[in-house]
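Trainee: Pasting upload.cif below, which is mmCIF, C-alpha atoms.
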data_coords
loop_
_atom_site.label_atom_id
_atom_site.label_comp_id
_atom_site.auth_asym_id
_atom_site.auth_seq_id
_atom_site.Cartn_x
_atom_site.Cartn_y
_atom_site.Cartn_z
CA MET D 249 10.19 -73.26 -89.48
CA ALA D 250 13.13 -71.50 -87.85
CA SER D 251 13.31 -71.64 -84.12
CA ALA D 252 12.06 -68.72 -82.09
CA ARG D 253 15.59 -67.85 -81.02
CA GLU D 254 16.90 -67.62 -84.58
CA VAL D 255 14.01 -65.45 -85.63
CA LYS D 256 14.57 -63.19 -82.69
CA LEU D 257 18.21 -62.69 -83.72
CA ARG D 258 17.18 -61.84 -87.26
CA ILE D 259 14.64 -59.33 -86.06
CA ARG D 260 17.30 -57.60 -84.08
CA SER D 261 19.71 -57.35 -87.01
CA VAL D 262 17.00 -56.11 -89.36
CA LYS D 263 16.02 -53.45 -86.88
CA ASN D 264 19.65 -52.39 -86.58
CA ILE D 265 19.87 -51.99 -90.33
CA ALA D 266 16.68 -49.96 -90.37
CA GLN D 267 18.18 -47.67 -87.78
CA VAL D 268 21.29 -47.10 -89.87
CA THR D 269 19.40 -46.48 -93.09
CA ARG D 270 17.01 -44.13 -91.34
CA ALA D 271 19.95 -42.10 -90.08
CA LEU D 272 21.50 -42.00 -93.56
CA GLN D 273 18.17 -40.92 -94.97
CA ALA D 274 17.96 -38.03 -92.56
CA VAL D 275 21.52 -36.97 -93.34
CA SER D 276 20.89 -37.08 -97.09
CA ALA D 277 17.67 -35.14 -96.68
CA SER D 278 19.51 -32.24 -95.15
CA LYS D 279 22.36 -32.52 -97.65
CA VAL D 280 20.05 -32.47 -100.62
CA GLN D 281 18.53 -29.23 -99.37
CA LYS D 282 21.93 -27.62 -99.15
CA ALA D 283 22.98 -28.93 -102.55
CA MET D 284 19.78 -27.64 -104.10
CA GLN D 285 20.31 -24.23 -102.62
CA ALA D 286 23.85 -24.10 -103.98
CA MET D 287 22.55 -25.15 -107.37
CA TYR D 288 19.84 -22.51 -107.48
CA ARG D 289 22.19 -19.82 -106.20
CA THR D 290 24.49 -20.09 -109.19
CA ARG D 291 21.66 -20.35 -111.69
CA PRO D 292 21.16 -16.59 -112.31
CA TYR D 293 24.83 -16.19 -113.14
CA ALA D 294 24.89 -19.25 -115.36
CA THR D 295 21.74 -18.10 -117.11
CA LYS D 296 23.14 -14.64 -117.79
CA ALA D 297 26.48 -15.99 -118.93
CA TRP D 298 24.63 -18.27 -121.28
CA GLN D 299 22.66 -15.37 -122.73
CA VAL D 300 25.82 -13.36 -123.29
CA LEU D 301 27.32 -16.30 -125.13
CA THR D 302 24.29 -16.75 -127.33
CA HIS D 303 24.64 -13.09 -128.22
CA ILE D 304 28.27 -13.68 -129.13
CA ALA D 305 27.17 -16.63 -131.20
CA GLY D 306 24.81 -14.29 -133.02
CA GLN D 307 27.78 -12.34 -134.25
CA PRO D 308 28.74 -12.82 -137.85
CA GLY D 309 31.53 -15.31 -138.58
CA ARG D 310 31.41 -16.98 -135.20
CA SER D 311 33.76 -19.85 -135.84
CA SER D 312 36.61 -17.48 -136.65
CA LEU D 313 35.89 -15.42 -133.56
CA HIS D 314 37.62 -17.76 -131.19
CA PRO D 315 39.31 -21.18 -131.43
CA LEU D 316 37.00 -22.59 -128.76
CA LEU D 317 34.01 -21.88 -130.97
CA ALA D 318 35.44 -23.51 -134.07
CA GLU D 319 34.02 -26.88 -135.09
CA ARG D 320 36.70 -29.38 -136.20
CA LYS D 321 36.25 -31.10 -139.54
CA GLU D 322 37.57 -34.44 -138.46
CA ILE D 323 36.86 -35.76 -135.00
CA LYS D 324 39.46 -38.31 -133.98
CA ASN D 325 39.82 -37.86 -130.25
CA VAL D 326 37.05 -37.19 -127.83
CA LEU D 327 37.22 -36.30 -124.20
CA ALA D 328 34.40 -37.19 -121.83
CA VAL D 329 34.04 -35.56 -118.44
CA LEU D 330 32.14 -38.02 -116.27
CA ILE D 331 30.65 -36.79 -113.04
CA SER D 332 29.76 -39.42 -110.44
CA GLY D 333 29.75 -39.66 -106.68
CA ASP D 334 32.53 -40.48 -104.25
CA ARG D 335 30.38 -42.81 -102.21
CA GLY D 336 28.02 -45.65 -102.83
CA LEU D 337 24.72 -46.49 -101.17
CA ALA D 338 22.96 -44.09 -103.48
CA GLY D 339 20.70 -46.52 -105.23
CA ALA D 340 21.39 -46.72 -108.94
CA TYR D 341 22.86 -43.22 -109.12
CA ASN D 342 26.47 -44.15 -109.92
CA THR D 343 25.61 -47.16 -112.06
CA ASN D 344 23.14 -45.16 -114.09
CA ILE D 345 25.51 -42.42 -115.13
CA VAL D 346 28.34 -44.87 -115.85
CA ARG D 347 26.13 -47.19 -117.87
CA PHE D 348 24.70 -44.19 -119.69
CA SER D 349 28.14 -42.97 -120.72
CA LEU D 350 29.30 -46.42 -121.79
CA LYS D 351 26.22 -46.75 -123.93
CA HIS D 352 26.64 -43.28 -125.36
CA PHE D 353 30.20 -43.97 -126.48
CA LEU D 354 29.61 -47.54 -127.59
CA ASP D 355 30.52 -47.79 -131.28
CA TYR D 356 31.64 -44.19 -131.19
CA PRO D 357 33.75 -43.49 -134.29
CA ALA D 358 36.53 -41.84 -132.33
CA GLU D 359 39.00 -42.47 -129.57
CA VAL D 360 37.34 -41.70 -126.22
CA ARG D 361 39.26 -40.68 -123.14
CA TYR D 362 37.75 -39.88 -119.77
CA ILE D 363 38.18 -37.34 -117.06
CA THR D 364 36.34 -38.66 -114.04
CA ILE D 365 35.00 -36.60 -111.19
CA GLY D 366 34.09 -38.82 -108.25
CA ARG D 367 35.65 -42.05 -107.04
CA LYS D 368 32.86 -44.42 -108.01
CA GLY D 369 32.91 -43.46 -111.67
CA ARG D 370 36.69 -43.71 -111.76
CA ASP D 371 36.69 -47.21 -110.28
CA MET D 372 34.03 -48.46 -112.65
CA MET D 373 35.86 -47.03 -115.63
CA ILE D 374 39.18 -48.55 -114.54
CA ARG D 375 37.50 -51.92 -114.17
CA ARG D 376 36.39 -51.65 -117.76
CA HIS D 377 39.89 -50.68 -118.89
CA LYS D 378 38.91 -47.28 -120.17
CA ASP D 379 41.49 -44.64 -120.90
CA ILE D 380 41.46 -42.16 -118.05
CA LEU D 381 43.26 -38.89 -118.58
CA ALA D 382 42.68 -37.41 -115.17
CA GLU D 383 40.55 -37.97 -112.13
CA PHE D 384 39.23 -35.61 -109.52
CA SER D 385 37.74 -37.06 -106.39
CA ASP D 386 37.00 -35.94 -102.86
CA LEU D 387 35.48 -32.66 -103.87
CA PRO D 388 34.26 -30.76 -100.82
CA ALA D 389 30.61 -31.14 -99.90
CA ALA D 390 29.93 -27.60 -101.04
CA PRO D 391 32.40 -26.97 -103.86
CA THR D 392 33.22 -23.44 -104.91
CA TYR D 393 34.02 -22.42 -108.43
CA THR D 394 37.73 -22.48 -107.61
CA ASP D 395 37.48 -26.15 -106.66
CA VAL D 396 36.48 -27.17 -110.16
CA SER D 397 38.11 -24.46 -112.25
CA ALA D 398 41.19 -26.67 -112.71
CA ILE D 399 39.03 -29.18 -114.57
CA GLY D 400 37.87 -26.46 -116.95
CA ARG D 401 41.43 -25.35 -117.57
CA LEU D 402 42.54 -28.89 -118.29
CA VAL D 403 39.71 -29.42 -120.74
CA VAL D 404 40.37 -26.16 -122.56
CA ASP D 405 44.10 -26.93 -122.76
CA GLU D 406 43.45 -30.39 -124.19
CA PHE D 407 41.13 -28.93 -126.77
CA LEU D 408 43.36 -26.04 -127.82
CA SER D 409 46.45 -28.24 -128.07
CA GLY D 410 44.65 -30.38 -130.64
CA ARG D 411 44.86 -33.58 -128.59
CA THR D 412 41.09 -33.51 -128.36
CA ASP D 413 38.59 -32.52 -131.03
CA ALA D 414 35.45 -32.45 -128.96
CA VAL D 415 34.60 -32.50 -125.27
CA PHE D 416 31.46 -33.94 -123.74
CA LEU D 417 30.10 -33.52 -120.28
CA LEU D 418 28.26 -36.44 -118.70
CA TYR D 419 26.35 -35.64 -115.56
CA THR D 420 23.10 -36.29 -113.78
CA ASP D 421 20.53 -33.59 -114.29
CA PHE D 422 18.52 -32.84 -111.18
CA VAL D 423 14.84 -32.58 -112.07
CA ASN D 424 13.26 -33.13 -108.67
CA MET D 425 13.67 -35.28 -105.59
CA ILE D 426 12.62 -38.47 -107.26
CA LYS D 427 13.74 -37.82 -110.81
CA GLN D 428 17.34 -37.43 -111.92
CA ILE D 429 18.31 -37.93 -115.53
CA PRO D 430 21.77 -38.91 -116.83
CA THR D 431 22.58 -36.29 -119.43
CA VAL D 432 25.23 -35.69 -122.06
CA LYS D 433 26.14 -32.20 -123.10
CA LYS D 434 28.61 -30.99 -125.67
CA LEU D 435 31.08 -28.74 -123.96
CA LEU D 436 33.59 -27.86 -126.66
CA PRO D 437 33.46 -26.50 -129.26
CA LEU D 438 30.71 -24.46 -127.71
CA GLU D 439 27.44 -25.00 -129.44
CA PHE D 440 24.62 -22.56 -129.61
CA VAL D 441 21.71 -24.50 -130.96
CA SER D 442 18.55 -23.47 -129.22
CA GLY D 443 15.67 -25.88 -128.72
CA GLU D 444 18.04 -28.35 -127.13
CA GLU D 445 17.78 -29.77 -123.66
CA ARG D 446 20.71 -27.61 -122.71
CA VAL D 447 18.54 -24.58 -123.23
CA ALA D 448 16.03 -26.04 -120.85
CA VAL D 449 18.68 -26.24 -118.17
CA PHE D 450 19.54 -22.61 -118.65
CA ALA D 451 17.08 -20.04 -119.89
CA PRO D 452 15.65 -19.88 -123.39
CA ALA D 453 17.77 -17.57 -125.47
CA PRO D 454 15.96 -14.41 -126.50
CA LYS D 455 15.71 -14.05 -130.23
CA ARG D 456 16.94 -10.70 -131.33
CA MET D 457 18.99 -9.22 -134.10
CA HIS D 458 22.45 -8.18 -133.03
CA ALA D 459 24.65 -5.51 -134.37
CA THR D 460 28.34 -6.24 -134.03
CA TYR D 461 29.75 -5.76 -130.58
CA ILE D 462 32.13 -3.10 -129.52
CA TYR D 463 34.77 -4.94 -127.52
CA GLU D 464 36.70 -3.39 -124.74
CA PRO D 465 39.67 -3.73 -124.34
CA SER D 466 39.85 -5.93 -127.45
CA GLN D 467 37.90 -8.76 -128.98
CA ASP D 468 40.57 -11.39 -128.44
CA GLU D 469 41.28 -10.37 -124.92
CA ILE D 470 37.70 -10.44 -123.79
CA LEU D 471 36.71 -13.65 -125.59
CA ASP D 472 39.86 -15.30 -124.24
CA GLU D 473 38.63 -14.39 -120.83
CA ILE D 474 34.97 -15.22 -120.92
CA ILE D 475 34.74 -18.30 -123.12
CA PRO D 476 37.05 -20.52 -121.06
CA ARG D 477 35.41 -19.20 -117.95
CA PHE D 478 32.00 -20.12 -119.19
CA THR D 479 33.26 -23.60 -119.97
CA GLY D 480 34.41 -23.90 -116.38
CA LEU D 481 31.09 -22.55 -115.24
CA GLN D 482 29.20 -25.21 -117.13
CA ILE D 483 31.28 -27.89 -115.45
CA TYR D 484 30.68 -26.24 -112.11
CA GLN D 485 26.95 -26.13 -112.67
CA ALA D 486 26.97 -29.78 -113.76
CA VAL D 487 28.87 -30.75 -110.62
CA LEU D 488 26.28 -28.99 -108.48
CA GLU D 489 23.44 -30.65 -110.37
CA SER D 490 25.09 -34.05 -109.96
CA MET D 491 25.66 -33.54 -106.26
CA ALA D 492 22.06 -32.63 -105.67
CA SER D 493 21.08 -35.69 -107.71
CA GLU D 494 23.38 -37.93 -105.71
CA HIS D 495 21.98 -36.84 -102.38
CA ALA D 496 18.43 -37.11 -103.64
CA ALA D 497 19.10 -40.59 -105.02
CA ARG D 498 20.70 -41.65 -101.75
CA MET D 499 17.81 -40.28 -99.78
CA VAL D 500 15.27 -42.19 -101.84
CA ALA D 501 17.36 -45.38 -101.73
CA MET D 502 17.69 -45.13 -97.98
CA LYS D 503 14.00 -44.45 -97.57
CA ASN D 504 13.24 -47.59 -99.55
CA ALA D 505 15.71 -49.56 -97.48
CA THR D 506 14.14 -48.31 -94.26
CA ASP D 507 10.67 -49.16 -95.49
CA ASN D 508 11.76 -52.63 -96.55
CA ALA D 509 13.50 -53.25 -93.26
CA THR D 510 10.42 -52.17 -91.34
CA GLU D 511 8.23 -54.44 -93.40
CA LEU D 512 10.65 -57.33 -93.03
CA SER D 513 10.85 -56.90 -89.29
CA ALA D 514 7.04 -56.90 -89.07
CA ASP D 515 6.94 -60.17 -91.05
CA LEU D 516 9.62 -61.67 -88.87
CA GLN D 517 7.81 -60.59 -85.76
CA LEU D 518 4.78 -62.50 -86.96
CA GLU D 519 6.93 -65.52 -87.66
CA TYR D 520 8.48 -65.24 -84.24
CA ASN D 521 5.08 -65.10 -82.57
CA LYS D 522 3.96 -68.17 -84.45
CA ALA D 523 7.12 -70.04 -83.54
CA ARG D 524 6.74 -69.09 -79.92
CA GLN D 525 3.12 -70.16 -79.85
CA GLN D 526 3.99 -73.40 -81.62
CA SER D 527 6.60 -74.24 -79.03
CA ILE D 528 4.14 -73.53 -76.20
CA THR D 529 1.54 -75.74 -77.86
CA ASN D 530 4.12 -78.47 -78.23
CA GLU D 531 5.09 -78.26 -74.62
CA MET D 532 1.49 -78.39 -73.54
CA LEU D 533 0.89 -81.40 -75.72
CA ASP D 534 3.93 -83.05 -74.15
CA ILE D 535 2.65 -82.36 -70.66
CA ALA D 536 -0.85 -83.51 -71.53
CA GLY D 537 0.55 -86.61 -73.20
CA GLY D 538 2.76 -87.33 -70.18
CA ALA D 539 -0.11 -86.91 -67.73
CA GLU D 540 -2.30 -89.18 -69.86
CA ALA D 541 0.40 -91.86 -69.92
CA LEU D 542 0.85 -91.63 -66.16
CA ALA D 543 -2.91 -91.90 -65.58
CA GLN D 544 -3.14 -94.97 -67.82
CA SER D 545 -0.16 -96.75 -66.25
CA SER D 546 -1.42 -96.35 -62.66
CA MET V 28 13.22 5.75 -121.64
CA PRO V 29 14.90 3.68 -118.98
CA ILE V 30 17.33 0.85 -119.60
CA ARG V 31 17.09 -2.50 -117.84
CA CYS V 32 20.02 -3.33 -115.63
CA GLU V 33 20.79 -6.72 -114.12
CA ILE V 34 23.74 -7.35 -111.86
CA VAL V 35 24.52 -10.95 -110.96
CA SER V 36 27.44 -12.20 -108.94
CA GLN V 37 28.55 -15.80 -108.95
CA ASP V 38 26.23 -16.75 -106.15
CA ARG V 39 23.16 -14.54 -106.50
CA THR V 40 21.30 -11.75 -108.25
CA VAL V 41 22.49 -8.51 -106.73
CA PHE V 42 20.29 -6.03 -108.53
CA GLN V 43 17.71 -5.89 -111.25
CA GLY V 44 15.57 -2.99 -112.33
CA ASP V 45 14.99 -0.23 -114.86
CA VAL V 46 17.45 2.61 -114.54
CA ASP V 47 18.38 5.84 -116.32
CA ILE V 48 22.12 5.43 -116.39
CA VAL V 49 24.72 2.82 -115.44
CA VAL V 50 28.26 3.88 -114.65
CA ALA V 51 30.63 0.93 -114.71
CA PRO V 52 34.36 0.57 -114.03
CA SER V 53 35.59 -0.91 -117.29
CA ALA V 54 39.19 -1.92 -117.77
CA ASP V 55 39.88 1.28 -119.71
CA GLY V 56 38.17 3.62 -117.26
CA GLU V 57 34.76 4.72 -116.13
CA MET V 58 32.04 4.10 -118.64
CA GLY V 59 28.58 5.64 -118.55
CA ILE V 60 25.84 3.71 -120.31
CA LEU V 61 22.59 5.34 -121.32
CA PRO V 62 19.60 3.69 -123.00
CA ASN V 63 20.12 2.78 -126.65
CA HIS V 64 23.82 2.26 -126.23
CA ALA V 65 25.53 0.30 -129.01
CA PRO V 66 26.10 -3.38 -128.18
CA LEU V 67 29.22 -3.69 -126.15
CA LEU V 68 31.17 -6.33 -124.33
CA ALA V 69 33.78 -5.19 -121.84
CA ASN V 70 35.89 -6.40 -118.96
CA LEU V 71 35.33 -4.85 -115.58
CA LYS V 72 38.03 -4.14 -113.07
CA TYR V 73 37.75 -3.71 -109.31
CA GLY V 74 35.71 -0.64 -108.69
CA ILE V 75 32.44 1.10 -108.06
CA LEU V 76 29.39 0.63 -110.21
CA LYS V 77 26.52 3.08 -109.96
CA VAL V 78 23.02 2.97 -111.29
CA ARG V 79 20.73 5.97 -111.20
CA THR V 80 16.95 6.08 -111.44
CA GLN V 81 15.15 9.40 -111.36
CA GLY V 82 17.73 11.10 -109.20
CA LYS V 83 18.09 8.13 -106.86
CA GLU V 84 21.45 6.49 -106.96
CA GLU V 85 22.54 3.04 -105.90
CA VAL V 86 26.18 2.19 -105.49
CA PHE V 87 27.73 -1.27 -105.83
CA THR V 88 31.22 -2.61 -105.43
CA VAL V 89 32.30 -4.90 -108.24
CA ALA V 90 35.33 -7.15 -108.01
CA GLY V 91 35.99 -7.73 -111.69
CA GLY V 92 33.81 -9.42 -114.22
CA VAL V 93 32.18 -8.76 -117.55
CA ILE V 94 29.59 -6.27 -118.72
CA GLU V 95 27.39 -6.85 -121.70
CA VAL V 96 25.38 -4.01 -123.16
CA GLN V 97 22.44 -4.36 -125.52
CA PRO V 98 20.37 -1.32 -126.52
CA ASP V 99 17.71 -2.10 -123.93
CA ILE V 100 19.58 -4.12 -121.31
CA VAL V 101 22.81 -4.02 -119.39
CA THR V 102 24.00 -7.30 -117.92
CA VAL V 103 26.78 -7.29 -115.36
CA LEU V 104 28.41 -10.64 -114.63
CA ALA V 105 30.51 -9.85 -111.60
CA ASP V 106 32.94 -12.16 -109.85
CA ALA V 107 31.68 -10.62 -106.64
CA ALA V 108 29.36 -7.69 -106.12
CA GLU V 109 27.35 -6.09 -103.39
CA ASN V 110 25.33 -3.02 -102.65
CA VAL V 111 27.28 -0.53 -100.58
CA GLU V 112 24.41 -0.42 -98.11
CA GLU V 113 24.69 -4.12 -97.37
CA ILE V 114 28.44 -4.41 -96.90
CA ASP V 115 29.38 -5.85 -93.54
CA ILE V 116 32.04 -3.44 -92.31
CA ALA V 117 33.25 -5.64 -89.49
CA ARG V 118 33.71 -8.56 -91.87
CA ALA V 119 35.52 -6.50 -94.47
CA GLU V 120 37.74 -5.05 -91.75
CA ALA V 121 38.54 -8.52 -90.42
CA ALA V 122 39.28 -9.81 -93.90
CA LYS V 123 41.59 -6.90 -94.53
CA VAL V 124 43.52 -7.47 -91.30
CA ARG V 125 43.78 -11.20 -92.01
CA ALA V 126 45.04 -10.65 -95.53
CA GLU V 127 47.52 -7.97 -94.48
CA LYS V 128 48.86 -10.18 -91.74
CA PHE V 129 49.27 -13.07 -94.14
CA LEU V 130 51.02 -10.94 -96.75
CA ALA V 131 53.26 -9.31 -94.14
CA GLU V 132 54.70 -12.70 -93.25
CA GLY V 133 56.21 -12.75 -96.70
CA PRO V 134 54.99 -16.04 -98.14
CA PRO V 135 56.28 -17.14 -101.53
CA PRO V 136 54.44 -15.19 -104.24
CA ASP V 137 52.57 -16.85 -107.12
CA THR V 138 51.12 -19.60 -104.99
CA ASP V 139 47.36 -19.99 -104.93
CA THR V 140 46.99 -18.84 -101.34
CA TYR V 141 49.12 -15.80 -102.00
CA LEU V 142 47.04 -14.71 -104.96
CA LYS V 143 43.85 -15.47 -103.08
CA MET V 144 44.91 -13.39 -100.12
CA GLU V 145 46.00 -10.55 -102.36
CA ALA V 146 42.61 -10.60 -104.06
CA ALA V 147 40.89 -10.72 -100.67
CA LEU V 148 42.89 -7.70 -99.57
CA ARG V 149 41.94 -5.76 -102.67
CA ARG V 150 38.29 -6.69 -102.24
CA SER V 151 38.15 -5.66 -98.61
CA GLN V 152 39.94 -2.39 -99.33
CA LEU V 153 37.49 -1.68 -102.11
CA ARG V 154 34.54 -2.42 -99.84
CA LEU V 155 35.81 -0.31 -96.99
CA SER V 156 36.58 2.69 -99.17
CA ALA V 157 33.20 2.37 -100.86
CA VAL V 158 31.43 2.30 -97.52
CA ARG V 159 33.37 5.30 -96.29
CA ARG V 160 32.51 7.26 -99.36
CA TYR V 161 28.97 6.26 -100.20
CA ARG V 162 27.27 4.79 -97.15
CA GLY V 163 24.22 6.74 -96.04
CA ARG V 164 24.52 9.20 -98.91
CA ARG V 165 21.10 9.13 -100.45
CA LYS V 166 21.16 12.16 -102.76
CA ALA V 167 22.45 11.75 -106.27
CA SER V 168 25.56 13.57 -107.22
CA TYR V 169 25.71 15.62 -110.37
CA PRO V 170 26.89 13.88 -113.51
CA GLY V 171 30.16 15.83 -113.42
CA SER V 172 31.22 14.13 -110.24
CA TYR V 173 31.59 10.77 -111.94
CA GLN V 174 34.91 11.89 -113.35
CA GLU V 175 36.52 12.41 -110.00
CA GLU V 176 35.72 8.84 -108.97
CA SER V 177 38.68 6.97 -107.56
CA ASN V 178 38.81 3.36 -106.51
CA LYS V 179 41.62 3.56 -104.07
#
What is this file in structure tokens?
Mentor:
Amino acid sequence: MASAREVKLRIRSVKNIAQVTRALQAVSASKVQKAMQAMYRTRPYATKAWQVLTHIAGQPGRSSLHPLLAERKEIKNVLAVLISGDRGLAGAYNTNIVRFSLKHFLDYPAEVRYITIGRKGRDMMIRRHKDILAEFSDLPAAPTYTDVSAIGRLVVDEFLSGRTDAVFLLYTDFVNMIKQIPTVKKLLPLEFVSGEERVAVFAPAPKRMHATYIYEPSQDEILDEIIPRFTGLQIYQAVLESMASEHAARMVAMKNATDNATELSADLQLEYNKARQQSITNEMLDIAGGAEALAQSS
Amino acid sequence: MPIRCEIVSQDRTVFQGDVDIVVAPSADGEMGILPNHAPLLANLKYGILKVRTQGKEEVFTVAGGVIEVQPDIVTVLADAAENVEEIDIARAEAAKVRAEKFLAEGPPPDTDTYLKMEAALRRSQLRLSAVRRYRGRRKASYPGSYQEESNK
């Protein structure tokens, strides 16, 4: 059994850790609220934009409408946009999304390149010698659309130039405080299959017959404007979802750490008490033994 | 028969309800949309958007965006939008002064900040002129007056 002094030192360090994790938990709790608000604020717009696009998809001859809607026959190069966090201490949040993407593209019959958002994902991908086209880290705590629009532009450029035949978005879908799911979503060419999980994220598309649109000013001009923008919007929404997920994951991880530390310190306290009592008993035995010896010798 | 109208900006839902007519500032000019309009997809420019329900009119400023029309619903996806009644005059005024000051210093054009400030200036001007013209005016104007609308 460890000496009382050693145990006392350990108790102190465990309590210190508990203090730190409790503080982090409180910080994450407030951050997750903010992130959730940001996420829900942009939802109406994203939902409406999605509906408009499903209507466009209902138009006859959709793949000739716009190059971003056209499915490529041969898929040789794929781009994956991986959204992770900048910081660790978030439980399995970063590992989960990275492992999920590696698994998703394992044995993939095409060349995969990555655009990483968030430092952790970038580092893990570099360690695995993956091909990284671009990386975006240190996004502000509350990103605006402008902060991520560059990513959308880059993706659209890569796709239109022919260097990439399909673009996937890998992010963590925020379900609730304790459940976040790594998700893959096809970003380009835009797909409009309903009954997919993507529809669950946005609103179910209303089923209706569409006459052909009147476009103003012109079809090309307006599709050129709104389709790339919606692509950017999807990335933006995914970033917000991931951020909320990250904070929620960190909060839960920190709560667990605090609980464990509290439990551990209680156990150690018990051990300390035993050790202390043991040493007192020993001392008393020594004294009693000494007195006995003295009494016998005299 | 009314037509449903939903106006969303990038960060919230600004308006939703059943209305009789929507007048929107499309890129090619003012556009009035009545129920059973043919499907339409159009760009919006900076300007004033009005919806009218049974003689009551609500006025919104719209800073660009997209409008989608289906026979029974009008969806406005605005980059920024607000009801004229809820515009914060002091804030718009301050934004205008800030932007004007920045632009007066003659920074290099075509940079991000420059374009951002220019857009901010246009937005605040639009808001201020909208407030001046429409704030507190509860009665609907006659349909003819839509033509003389200016967004300056």
Trainee: May I have the residues within 7 Å of Leu330 (chain D) as a list in words, using all atoms listed in the file and disregarding those fewer than 3 positions away in the same chain?
Mentor: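 Contacts, in chain order: Tyr362, Ile363, Thr364, Ile365, Leu417, Leu418 and Tyr419 of chain D.
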Trainee: Take the residues just selected and output them with C-alpha atoms as a JSON list (two decimals), in the frame of the given file.
Mentor:
[["chain", "number", "residue", "atom", "x", "y", "z"],
["D", 362, "TYR", "CA", 37.75, -39.88, -119.77],
["D", 363, "ILE", "CA", 38.18, -37.34, -117.06],
["D", 364, "THR", "CA", 36.34, -38.66, -114.04],
["D", 365, "ILE", "CA", 35.00, -36.60, -111.19],
["D", 417, "LEU", "CA", 30.10, -33.52, -120.28],
["D", 418, "LEU", "CA", 28.26, -36.44, -118.70],
["D", 419, "TYR", "CA", 26.35, -35.64, -115.56]]
Trainee: Residues of chain V within 8 Å of chain D, using all atoms listed in the file, as a list in words?
Mentor: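 That gives Val35, Ser36, Gln37, Asp38, Arg39, Thr40, Ser53, Ala54, Asp55, Ala65, Pro66, Leu67, Leu68, Ala69, Asn70, Val93, Glu95, Thr102 and Leu104 of chain V for chain V.
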Trainee: Work out where the centre of an axis-aligned box around every listed atom of region 253-265 of chain D lies and how long its edges are once 6 Å is added on each side; give both in Å to one decimal as lines of an AutoDock Vina configuration file.
Mentor:
center_x = 16.9
center_y = -59.9
center_z = -85.7
size_x = 17.9
size_y = 27.9
size_z = 21.3
Trainee: Run the PyMOL selection byres ((chain V and resi 56) around 10) against the file shown and list the residues it catches, as a PyMOL selection string.
Mentor: chain V and resi 51-55+57-59+71-72+74+174
Trainee: On this file, the PyMOL selection byres ((chain D and resi 482) around 10) gives some set of residues; write that set as a PyMOL selection string.
Mentor: chain D and resi 294+297-298+400+417+433+435+476-481+483-488
Trainee: Deliver the residues from the most recent selection as a file, using C-alpha atoms, as a PDB file, in the coordinates of the input.
Mentor:
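Saved result, result-v3.pdb, follows:
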ATOM      1  CA  ALA D 294      24.890 -19.250-115.360  1.00  0.00           C
ATOM      2  CA  ALA D 297      26.480 -15.990-118.930  1.00  0.00           C
ATOM      3  CA  TRP D 298      24.630 -18.270-121.280  1.00  0.00           C
ATOM      4  CA  GLY D 400      37.870 -26.460-116.950  1.00  0.00           C
ATOM      5  CA  LEU D 417      30.100 -33.520-120.280  1.00  0.00           C
ATOM      6  CA  LYS D 433      26.140 -32.200-123.100  1.00  0.00           C
ATOM      7  CA  LEU D 435      31.080 -28.740-123.960  1.00  0.00           C
ATOM      8  CA  PRO D 476      37.050 -20.520-121.060  1.00  0.00           C
ATOM      9  CA  ARG D 477      35.410 -19.200-117.950  1.00  0.00           C
ATOM     10  CA  PHE D 478      32.000 -20.120-119.190  1.00  0.00           C
ATOM     11  CA  THR D 479      33.260 -23.600-119.970  1.00  0.00           C
ATOM     12  CA  GLY D 480      34.410 -23.900-116.380  1.00  0.00           C
ATOM     13  CA  LEU D 481      31.090 -22.550-115.240  1.00  0.00           C
ATOM     14  CA  ILE D 483      31.280 -27.890-115.450  1.00  0.00           C
ATOM     15  CA  TYR D 484      30.680 -26.240-112.110  1.00  0.00           C
ATOM     16  CA  GLN D 485      26.950 -26.130-112.670  1.00  0.00           C
ATOM     17  CA  ALA D 486      26.970 -29.780-113.760  1.00  0.00           C
ATOM     18  CA  VAL D 487      28.870 -30.750-110.620  1.00  0.00           C
ATOM     19  CA  LEU D 488      26.280 -28.990-108.480  1.00  0.00           C
TER      20      LEU D 488
END
Trainee: Which of these residues is nearest to Phe384 (chain D), using only C-alpha atoms: D:Asp334, D:Ala492, D:Lys522, D:Asn342?
Mentor: D:Asp334
Trainee: I'd like to know which of V:Lys123, V:Arg160, V:Gln152, V:Ile30 is closest to Ile100 (chain V), using only C-alpha atoms.
Mentor: V:Ile30
Trainee: Let me know the residues the PyMOL selection byres ((chain V and resi 47-50) around 6) catches in the file above, as a PDB file with C-alpha atoms, keeping the file's coordinate frame.
Mentor:
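Writing the result to expr.pdb gives the following:
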ATOM      1  CA  PRO V  29      14.900   3.680-118.980  1.00  0.00           C
ATOM      2  CA  VAL V  46      17.450   2.610-114.540  1.00  0.00           C
ATOM      3  CA  ALA V  51      30.630   0.930-114.710  1.00  0.00           C
ATOM      4  CA  MET V  58      32.040   4.100-118.640  1.00  0.00           C
ATOM      5  CA  GLY V  59      28.580   5.640-118.550  1.00  0.00           C
ATOM      6  CA  ILE V  60      25.840   3.710-120.310  1.00  0.00           C
ATOM      7  CA  LEU V  61      22.590   5.340-121.320  1.00  0.00           C
ATOM      8  CA  LEU V  76      29.390   0.630-110.210  1.00  0.00           C
ATOM      9  CA  LYS V  77      26.520   3.080-109.960  1.00  0.00           C
ATOM     10  CA  VAL V  78      23.020   2.970-111.290  1.00  0.00           C
ATOM     11  CA  ARG V  79      20.730   5.970-111.200  1.00  0.00           C
ATOM     12  CA  THR V  80      16.950   6.080-111.440  1.00  0.00           C
TER      13      THR V  80
END
